[in-house]
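Step one of this worksheet: look at the structure below.
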Amino acid sequence: MLSLLLQPEVQDYIITHTADDITRMALQKNPFPELPFAEVLNQVAARQKAKDKLPTWFAASGIIYPSKISVEQTSSETAAQYKAGLVSGECLIDMTGGFGIDDFYFSKKIKQVTHCEMNLELSAIAKHNFELLGAGNIECLPGDSLDILQLTERQWDWMYIDPSRRNDAKGKVFMLRDCLPNVPQLLDTYFSYTENILIKTAPLLDITAGLAELHSVKAVHILAVHNEVKELLWILQKGFTGTPLLIAACITKDGEEVFETVHGQESPATYSLPLQYMYEPNSAIMKSGAFDAVGNHYGVEKLHRHTQLYTSAPLVNFPGRRFKIDAVLPYQKAEVKQHIEGRKMNVTARNFPLQVPEILKKWKIKDGGATYAFFTTDKNNDRVVLLCSKV
């Protein structure tokens, strides 16, 4: 199949139709009778997904893609670059190779990378693409990674694992033991081949639950891209018995916001009524749960124990959105009707009995504009609306 998809006329067709509607294309006659049209359409659909997420792959001629779902689930280049900054040394083995985005970036930091993949077709695709992109220091070994690990009989500077779900019936919240490979069960075996393990998990995994399942966790990186948490990255070091670090990293077009604290070691927060400025933490900090620590670190005060918004008199640098508070309104009918009803503004609800859609409908608010309205609760348990402008 690989050789057929690489025919020049097929590649030209895929590139030419990258911007086309897949549903409409599926109704057309297959121009390549020797190829299942579904395979060609998958290349087009996957390439569409890769345009923004994998610009290096998108820009290269002759790239072969796995299923569109595989491309959707793979790391972005931005996330892969971040992960590559966490490892070093001579050799790394990837136990769950997949499409190989992470390995491509590992190969820029590690002398020899070994890509293990049970799916023979996916292993061949990764190998082809690595060669095309000039990543000559990546070895692709098809087969069960545990078997490969035992056959190589060597020590690795790093081991990388991206466990996949094996039971979709369990819903969104899952444990590491519900994934393949079962890392908690195999952890001691893995540590007989390496001193350092990097595990990638979905952001839905609860950090406390993950720490309960694993041992030797030195740090947990919460990685957000454009304020959306994409991955949890667990760094395990053999024999480590200390308290892990929590690193909340948010990568935006303006750079990288990083907040670091020790898991579970927080001094109590201080509280204040709204002052001149207000701060909304980025999504990585929200996932970390280190709400008291971030307030203490940046010298800002919380509005309420359950309101993860912060305030200060002077403007400070803060990892998230910053606002100037233009007005503080009690949530009373007369005040809301006078200053808010029927107007255009961006509405956020935090620790408030109504959700945003309910607020918009009740007060006939039009979404958008330059005004930001935070419906929330202050330290005195009073419902308030903070009218703000973005800094």
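Letters A, B, ... go to the chains of the structure tokens in the order shown; residues in each chain start at 1; ligands are counted from 1 in the same order.
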Find the spatial neighbours of Val44 in chain A, counting only C-alpha atoms, within a cut-off of 8 Å - ignore same-chain residues fewer than 6 positions away - and output them as an mmCIF file with N, CA and C atoms, in the first residue's frame.
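Saved file out.cif follows:
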```cif
data_model
loop_
_atom_site.group_PDB
_atom_site.id
_atom_site.type_symbol
_atom_site.label_atom_id
_atom_site.label_comp_id
_atom_site.auth_asym_id
_atom_site.auth_seq_id
_atom_site.Cartn_x
_atom_site.Cartn_y
_atom_site.Cartn_z
ATOM 1 N N ILE A 14 -3.320 14.110 -3.828
ATOM 2 C CA ILE A 14 -3.496 14.383 -2.390
ATOM 3 C C ILE A 14 -3.196 15.839 -2.079
ATOM 4 N N ILE A 15 -2.080 16.351 -2.616
ATOM 5 C CA ILE A 15 -1.687 17.737 -2.348
ATOM 6 C C ILE A 15 -2.669 18.710 -2.984
ATOM 7 N N HIS A 17 -5.802 18.362 -3.584
ATOM 8 C CA HIS A 17 -7.139 18.346 -2.977
ATOM 9 C C HIS A 17 -7.120 18.539 -1.457
ATOM 10 N N THR A 18 -5.987 19.015 -0.918
ATOM 11 C CA THR A 18 -5.883 19.162 0.540
ATOM 12 C C THR A 18 -6.981 20.048 1.123
ATOM 13 N N ILE A 22 -13.983 16.510 2.126
ATOM 14 C CA ILE A 22 -13.824 15.057 2.027
ATOM 15 C C ILE A 22 -15.138 14.371 1.691
#
```
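Excluding Ser192 in chain A itself and any same-chain residue fewer than 5 positions from it, the protein and nucleic acid residues within 10 Å of it, counting only C-alpha atoms, are Arg154, Gln155, Trp156, Leu187 and Lys238 of chain A.
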Take the residues from that selection and write them out as a PDB file, in the first residue's frame, keeping C-alpha atoms.
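Final output, selection.pdb:
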```
ATOM      1  CA  ARG A 154      20.878  -3.028  27.283  1.00  0.00           C
ATOM      2  CA  GLN A 155      20.472   0.018  29.489  1.00  0.00           C
ATOM      3  CA  TRP A 156      18.801   3.142  28.152  1.00  0.00           C
ATOM      4  CA  LEU A 187       7.118  -0.094  36.275  1.00  0.00           C
ATOM      5  CA  LYS A 238      14.698   5.327  39.686  1.00  0.00           C
TER       6      LYS A 238
END
```
**OP:** Going by DSSP on the backbone, which bits of range 152-383 of chain A are helix (DSSP H, G or I)? Write them as a ChimeraX atom specification, please.
**Re:** /A:152,168-170,176-178,183-191,207-213,283-288,291-298,333-339,356-362
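Taking CA of Glu260 in chain A and CA of Leu246 in chain A as endpoints, the distance between them is 5.7 Å.
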**OP:** Tell me, as a VMD selection string, which residues lie within 8 Å of range 10-13 of chain A, counting only C-alpha atoms; anything in the same chain fewer than 6 positions away does not count.
**Re:** chain A and resid 4 32 40 62
